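K.L.:
Structure provided below as structure tokens; questions to follow.
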Amino acid sequence: MSSDVTYGSYLALDDLLRLQRPRSTPEHPDELLFIVVHQASELWFKAVLHELDGLVAALQDGAVGFALWRAQRINSLTRIVSAQLSSLDTLPPQHFAEFREYLGSSSGSQSVQFRAIEAASGLRDPHFLAALTEHGEPPELVARWLGRPTLQALFLDLVGREGTTLEALYTGSAPTPLFFLAESLLEYEQQFALWRFKHVQLVERVIGPGTGGTGGTLGARYLMRTVDRRFFPALWEVRARFFGARTGSDAQGEPG
């Protein structure tokens, strides 16, 4: 073990703490918080993507216990990302207006890691794919995840390899590890949706519901459209079957 490694050198704190560079002139006292929250989010996104890699590997290997462990950790990380947004609730709109112009065309929609998380989690709807290719080919990190099976596809494949069905997971004599994994995946989707909703509310609180976002986005109006996107529609639909309701797939092609 190297004795010359210190807390600061191990974490590269000198480098890390130089990365917060407010652009406002004179420097606005609230801009540092704005930068820190977004940089911290990107660090947590990096951790989430790392855990998603582990979750995919566990699902492919049929390691239910390891998959459950990874999913629970991802849920914990997602709660952290969501919770830290509350610190920006203390940013008054009149203060943000004083340094917003210094953001230029930057927008959270440009976060490659966030797009990669969406792709990794299972988004494949036309609107999402169109947004990814609006300015050319998707970034390499996003394209890598788009080329892999979705989490739902991997989970359903695992369910089949275990010789059971989604319905059986919920009607057995006792909960199984696979059942708990299904519930943990559903919790991940809920946590992600809560993060989206908190983001919508934050944007509306700071710039108002009708104000356009930086980078030419629609602001809160665009974000609200994303709240109901599903990663695991099969895990939602299986619940409806116990109550005689038609699922989305069952109702396709029938007259409204």
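Within each chain, counting starts at residue 1; across the structure tokens, chains are named A, B, ... in the order shown, with ligands numbered 1 upward in that order.
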Taking 2 positions as the minimum chain separation for residues in the same chain, which residues sit within 12 Å of A:Arg161 when counting only C-alpha atoms? Answer as a PDB file with N, CA, C and O atoms, in the first residue's frame.

P.N.:
```pdb
ATOM      1  N   LEU A  59     -28.093  -9.909 -15.318  1.00  0.00           N
ATOM      2  CA  LEU A  59     -29.297 -10.424 -15.980  1.00  0.00           C
ATOM      3  C   LEU A  59     -28.921 -11.433 -17.058  1.00  0.00           C
ATOM      4  O   LEU A  59     -29.555 -12.480 -17.197  1.00  0.00           O
ATOM      5  N   GLN A  60     -27.892 -11.119 -17.825  1.00  0.00           N
ATOM      6  CA  GLN A  60     -27.467 -12.031 -18.885  1.00  0.00           C
ATOM      7  C   GLN A  60     -26.916 -13.337 -18.316  1.00  0.00           C
ATOM      8  O   GLN A  60     -27.089 -14.399 -18.918  1.00  0.00           O
ATOM      9  N   ASP A  61     -26.274 -13.268 -17.156  1.00  0.00           N
ATOM     10  CA  ASP A  61     -25.698 -14.461 -16.524  1.00  0.00           C
ATOM     11  C   ASP A  61     -26.735 -15.252 -15.717  1.00  0.00           C
ATOM     12  O   ASP A  61     -26.427 -16.335 -15.224  1.00  0.00           O
ATOM     13  N   GLY A  62     -27.933 -14.696 -15.578  1.00  0.00           N
ATOM     14  CA  GLY A  62     -28.952 -15.367 -14.775  1.00  0.00           C
ATOM     15  C   GLY A  62     -28.681 -15.300 -13.285  1.00  0.00           C
ATOM     16  O   GLY A  62     -29.207 -16.109 -12.517  1.00  0.00           O
ATOM     17  N   ALA A  63     -27.871 -14.334 -12.866  1.00  0.00           N
ATOM     18  CA  ALA A  63     -27.520 -14.176 -11.442  1.00  0.00           C
ATOM     19  C   ALA A  63     -28.547 -13.263 -10.789  1.00  0.00           C
ATOM     20  O   ALA A  63     -28.345 -12.046 -10.684  1.00  0.00           O
ATOM     21  N   VAL A  64     -29.660 -13.833 -10.358  1.00  0.00           N
ATOM     22  CA  VAL A  64     -30.775 -13.049  -9.833  1.00  0.00           C
ATOM     23  C   VAL A  64     -30.360 -12.246  -8.600  1.00  0.00           C
ATOM     24  O   VAL A  64     -30.704 -11.068  -8.460  1.00  0.00           O
ATOM     25  N   LEU A 154     -34.140  -8.073 -21.239  1.00  0.00           N
ATOM     26  CA  LEU A 154     -33.234  -8.957 -20.499  1.00  0.00           C
ATOM     27  C   LEU A 154     -33.955  -9.618 -19.331  1.00  0.00           C
ATOM     28  O   LEU A 154     -33.747 -10.799 -19.050  1.00  0.00           O
ATOM     29  N   PHE A 155     -34.796  -8.853 -18.660  1.00  0.00           N
ATOM     30  CA  PHE A 155     -35.520  -9.419 -17.517  1.00  0.00           C
ATOM     31  C   PHE A 155     -36.524 -10.470 -17.977  1.00  0.00           C
ATOM     32  O   PHE A 155     -36.622 -11.549 -17.376  1.00  0.00           O
ATOM     33  N   LEU A 156     -37.269 -10.177 -19.031  1.00  0.00           N
ATOM     34  CA  LEU A 156     -38.250 -11.147 -19.522  1.00  0.00           C
ATOM     35  C   LEU A 156     -37.561 -12.416 -20.014  1.00  0.00           C
ATOM     36  O   LEU A 156     -38.088 -13.522 -19.836  1.00  0.00           O
ATOM     37  N   ASP A 157     -36.392 -12.269 -20.621  1.00  0.00           N
ATOM     38  CA  ASP A 157     -35.635 -13.437 -21.039  1.00  0.00           C
ATOM     39  C   ASP A 157     -35.217 -14.269 -19.825  1.00  0.00           C
ATOM     40  O   ASP A 157     -35.294 -15.505 -19.850  1.00  0.00           O
ATOM     41  N   LEU A 158     -34.811 -13.584 -18.762  1.00  0.00           N
ATOM     42  CA  LEU A 158     -34.424 -14.278 -17.538  1.00  0.00           C
ATOM     43  C   LEU A 158     -35.619 -15.011 -16.928  1.00  0.00           C
ATOM     44  O   LEU A 158     -35.499 -16.154 -16.466  1.00  0.00           O
ATOM     45  N   VAL A 159     -36.779 -14.364 -16.935  1.00  0.00           N
ATOM     46  CA  VAL A 159     -37.996 -14.998 -16.420  1.00  0.00           C
ATOM     47  C   VAL A 159     -38.271 -16.284 -17.188  1.00  0.00           C
ATOM     48  O   VAL A 159     -38.591 -17.329 -16.594  1.00  0.00           O
ATOM     49  N   GLY A 163     -38.033 -20.625 -16.154  1.00  0.00           N
ATOM     50  CA  GLY A 163     -39.185 -21.508 -16.283  1.00  0.00           C
ATOM     51  C   GLY A 163     -40.450 -20.994 -15.651  1.00  0.00           C
ATOM     52  O   GLY A 163     -41.292 -21.776 -15.195  1.00  0.00           O
ATOM     53  N   THR A 164     -40.625 -19.678 -15.646  1.00  0.00           N
ATOM     54  CA  THR A 164     -41.815 -19.116 -15.032  1.00  0.00           C
ATOM     55  C   THR A 164     -42.365 -17.996 -15.911  1.00  0.00           C
ATOM     56  O   THR A 164     -41.900 -17.786 -17.035  1.00  0.00           O
ATOM     57  N   THR A 165     -43.370 -17.299 -15.432  1.00  0.00           N
ATOM     58  CA  THR A 165     -43.982 -16.194 -16.159  1.00  0.00           C
ATOM     59  C   THR A 165     -44.147 -15.013 -15.210  1.00  0.00           C
ATOM     60  O   THR A 165     -44.038 -15.164 -13.982  1.00  0.00           O
ATOM     61  N   LEU A 178     -36.811 -13.573  -7.789  1.00  0.00           N
ATOM     62  CA  LEU A 178     -37.170 -12.981  -9.071  1.00  0.00           C
ATOM     63  C   LEU A 178     -38.307 -11.974  -8.917  1.00  0.00           C
ATOM     64  O   LEU A 178     -38.348 -10.952  -9.599  1.00  0.00           O
TER      65      LEU A 178
END
```

K.L.:
Using only C-alpha atoms, determine which residues lie at most 10 Å from A:His38, disregarding the query and same-chain residues fewer than 5 positions distant; provide the list as a PDB file with N, CA, C and O atoms, in the first residue's frame.

P.N.:
```pdb
ATOM      1  N   LEU A  33     -23.661  27.385  -6.962  1.00  0.00           N
ATOM      2  CA  LEU A  33     -24.600  26.313  -6.608  1.00  0.00           C
ATOM      3  C   LEU A  33     -25.157  25.655  -7.856  1.00  0.00           C
ATOM      4  O   LEU A  33     -25.237  24.419  -7.943  1.00  0.00           O
ATOM      5  N   LEU A  43     -21.687  13.280 -12.128  1.00  0.00           N
ATOM      6  CA  LEU A  43     -20.906  12.262 -11.420  1.00  0.00           C
ATOM      7  C   LEU A  43     -21.794  11.099 -11.006  1.00  0.00           C
ATOM      8  O   LEU A  43     -21.413   9.930 -11.120  1.00  0.00           O
ATOM      9  N   TRP A  44     -22.981  11.414 -10.516  1.00  0.00           N
ATOM     10  CA  TRP A  44     -23.917  10.340 -10.135  1.00  0.00           C
ATOM     11  C   TRP A  44     -24.384   9.587 -11.372  1.00  0.00           C
ATOM     12  O   TRP A  44     -24.571   8.370 -11.329  1.00  0.00           O
ATOM     13  N   VAL A  81     -29.753  11.550  -6.832  1.00  0.00           N
ATOM     14  CA  VAL A  81     -29.817  12.511  -7.934  1.00  0.00           C
ATOM     15  C   VAL A  81     -31.079  13.358  -7.826  1.00  0.00           C
ATOM     16  O   VAL A  81     -31.057  14.583  -8.021  1.00  0.00           O
ATOM     17  N   GLN A  84     -31.004  15.901  -4.649  1.00  0.00           N
ATOM     18  CA  GLN A  84     -30.142  17.077  -4.689  1.00  0.00           C
ATOM     19  C   GLN A  84     -30.757  18.233  -5.473  1.00  0.00           C
ATOM     20  O   GLN A  84     -30.349  19.381  -5.319  1.00  0.00           O
ATOM     21  N   LEU A  85     -31.771  17.928  -6.302  1.00  0.00           N
ATOM     22  CA  LEU A  85     -32.445  19.004  -7.030  1.00  0.00           C
ATOM     23  C   LEU A  85     -33.098  20.001  -6.090  1.00  0.00           C
ATOM     24  O   LEU A  85     -33.262  21.170  -6.427  1.00  0.00           O
ATOM     25  N   GLY A 108     -29.683  20.963 -20.285  1.00  0.00           N
ATOM     26  CA  GLY A 108     -29.606  19.626 -19.718  1.00  0.00           C
ATOM     27  C   GLY A 108     -29.932  18.542 -20.732  1.00  0.00           C
ATOM     28  O   GLY A 108     -29.482  17.399 -20.580  1.00  0.00           O
ATOM     29  N   SER A 111     -27.056  16.465 -22.127  1.00  0.00           N
ATOM     30  CA  SER A 111     -26.285  15.548 -21.290  1.00  0.00           C
ATOM     31  C   SER A 111     -26.202  14.169 -21.951  1.00  0.00           C
ATOM     32  O   SER A 111     -27.196  13.446 -22.044  1.00  0.00           O
TER      33      SER A 111
END
```

K.L.:
Quick one: everything within 9 Å of A:Leu91, counting only C-alpha atoms, minus sequence neighbours fewer than 3 positions away in the same chain. Send it as a list in words.

P.N.:
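Counting only C-alpha atoms, the residues come to Asp30, Leu33, Phe34, Ser87, Leu88, Gln94, His95, Phe96 and Val206 of chain A.
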
K.L.:
Could the residues in this selection be written to a file with N, CA, C and O atoms, as an mmCIF file, in the first residue's frame?

P.N.:
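The resulting file, selection.cif, is reproduced below:
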```cif
data_model
loop_
_atom_site.group_PDB
_atom_site.id
_atom_site.type_symbol
_atom_site.label_atom_id
_atom_site.label_comp_id
_atom_site.auth_asym_id
_atom_site.auth_seq_id
_atom_site.Cartn_x
_atom_site.Cartn_y
_atom_site.Cartn_z
ATOM 1 N N ASP A 30 -25.025 32.993 -6.791
ATOM 2 C CA ASP A 30 -25.826 31.772 -6.900
ATOM 3 C C ASP A 30 -25.361 30.856 -8.032
ATOM 4 O O ASP A 30 -25.821 29.718 -8.128
ATOM 5 N N LEU A 33 -23.661 27.385 -6.962
ATOM 6 C CA LEU A 33 -24.600 26.313 -6.608
ATOM 7 C C LEU A 33 -25.157 25.655 -7.856
ATOM 8 O O LEU A 33 -25.237 24.419 -7.943
ATOM 9 N N PHE A 34 -25.531 26.445 -8.840
ATOM 10 C CA PHE A 34 -26.094 25.920 -10.081
ATOM 11 C C PHE A 34 -25.106 24.978 -10.763
ATOM 12 O O PHE A 34 -25.476 23.890 -11.218
ATOM 13 N N SER A 87 -32.014 21.497 -3.667
ATOM 14 C CA SER A 87 -31.170 22.638 -3.310
ATOM 15 C C SER A 87 -31.390 23.808 -4.267
ATOM 16 O O SER A 87 -31.220 24.972 -3.890
ATOM 17 N N LEU A 88 -31.800 23.504 -5.510
ATOM 18 C CA LEU A 88 -32.064 24.577 -6.468
ATOM 19 C C LEU A 88 -33.429 25.226 -6.269
ATOM 20 O O LEU A 88 -33.726 26.240 -6.904
ATOM 21 N N GLN A 94 -35.548 35.693 -9.950
ATOM 22 C CA GLN A 94 -34.887 36.954 -10.292
ATOM 23 C C GLN A 94 -33.368 36.818 -10.233
ATOM 24 O O GLN A 94 -32.643 37.486 -10.977
ATOM 25 N N HIS A 95 -32.861 35.900 -9.385
ATOM 26 C CA HIS A 95 -31.421 35.666 -9.328
ATOM 27 C C HIS A 95 -30.957 34.884 -10.555
ATOM 28 O O HIS A 95 -29.911 35.200 -11.143
ATOM 29 N N PHE A 96 -31.723 33.855 -10.927
ATOM 30 C CA PHE A 96 -31.342 33.066 -12.099
ATOM 31 C C PHE A 96 -31.344 33.935 -13.349
ATOM 32 O O PHE A 96 -30.474 33.796 -14.220
ATOM 33 N N VAL A 206 -38.540 28.085 -11.193
ATOM 34 C CA VAL A 206 -37.475 29.057 -11.451
ATOM 35 C C VAL A 206 -37.771 29.947 -12.652
ATOM 36 O O VAL A 206 -37.563 31.163 -12.604
#
```

K.L.:
Have a look at A:Arg229, A:Glu187, A:Pro26, A:Ala234 and name the one nearest to A:Pro126; count only C-alpha atoms.

P.N.:
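Of A:Arg229, A:Glu187, A:Pro26, A:Ala234, the one nearest A:Pro126 is A:Arg229, counting only C-alpha atoms.
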
K.L.:
Considering only C-alpha atoms, can you say which of A:Thr6, A:Arg21, A:Pro29, A:Phe66 comes closest to A:Pro177?

P.N.:
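The shortest atom-to-atom distance to A:Pro177 comes from A:Phe66.
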
K.L.:
Go through A:Glu51, A:Ile207, A:Phe179, A:Pro149 one by one, measure the shortest atom-to-atom distance of each to A:Glu162 using only C-alpha atoms, and give the residue with the smallest value.

P.N.:
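Smallest distance to A:Glu162 is found for A:Phe179.
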
K.L.:
One number please: atom CA of A:Gln191 to atom CA of A:Leu123, in Å, one decimal.

P.N.:
15.6 Å

K.L.:
Work out how far apart atom CA of A:Leu151 and atom CA of A:Ala130 are and give it in Å to one decimal.

P.N.:
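Distance between the two atoms: 20.9 Å.
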
K.L.:
Could you list, as number ranges by chain, every residue within 10 Å of A:Leu194, counting only C-alpha atoms and ignoring same-chain residues fewer than 3 positions away?

P.N.:
A: 78-79, 82-83, 188-191, 197-200, 227

K.L.:
Write out, as a tab-separated table (two decimals), in the first residue's frame, the residues just selected, with N, CA and C atoms.

P.N.:
```tsv
chain	number	residue	atom	x	y	z
A	78	THR	N	-30.38	6.81	-7.76
A	78	THR	CA	-31.41	7.64	-8.39
A	78	THR	C	-32.09	8.54	-7.38
A	79	ARG	N	-32.31	8.03	-6.17
A	79	ARG	CA	-32.89	8.87	-5.12
A	79	ARG	C	-31.96	10.04	-4.77
A	82	SER	N	-32.18	12.71	-7.50
A	82	SER	CA	-33.46	13.42	-7.37
A	82	SER	C	-33.45	14.37	-6.19
A	83	ALA	N	-32.92	13.90	-5.05
A	83	ALA	CA	-32.96	14.70	-3.82
A	83	ALA	C	-32.13	15.97	-3.94
A	188	TYR	N	-37.23	1.35	-9.67
A	188	TYR	CA	-36.31	2.19	-10.43
A	188	TYR	C	-37.08	3.10	-11.38
A	189	GLU	N	-38.05	2.53	-12.08
A	189	GLU	CA	-38.83	3.36	-12.99
A	189	GLU	C	-39.58	4.45	-12.24
A	190	GLN	N	-40.12	4.12	-11.08
A	190	GLN	CA	-40.83	5.12	-10.28
A	190	GLN	C	-39.89	6.22	-9.83
A	191	GLN	N	-38.71	5.84	-9.35
A	191	GLN	CA	-37.74	6.83	-8.89
A	191	GLN	C	-37.32	7.74	-10.03
A	197	PHE	N	-40.35	14.42	-12.65
A	197	PHE	CA	-41.41	15.33	-12.19
A	197	PHE	C	-40.84	16.45	-11.32
A	198	LYS	N	-39.88	16.11	-10.45
A	198	LYS	CA	-39.25	17.13	-9.63
A	198	LYS	C	-38.50	18.13	-10.51
A	199	HIS	N	-37.91	17.63	-11.59
A	199	HIS	CA	-37.22	18.52	-12.53
A	199	HIS	C	-38.20	19.47	-13.19
A	200	VAL	N	-39.36	18.96	-13.58
A	200	VAL	CA	-40.40	19.81	-14.17
A	200	VAL	C	-40.80	20.91	-13.19
A	227	VAL	N	-42.50	12.65	-18.55
A	227	VAL	CA	-42.76	12.07	-17.23
A	227	VAL	C	-43.36	10.67	-17.32
```
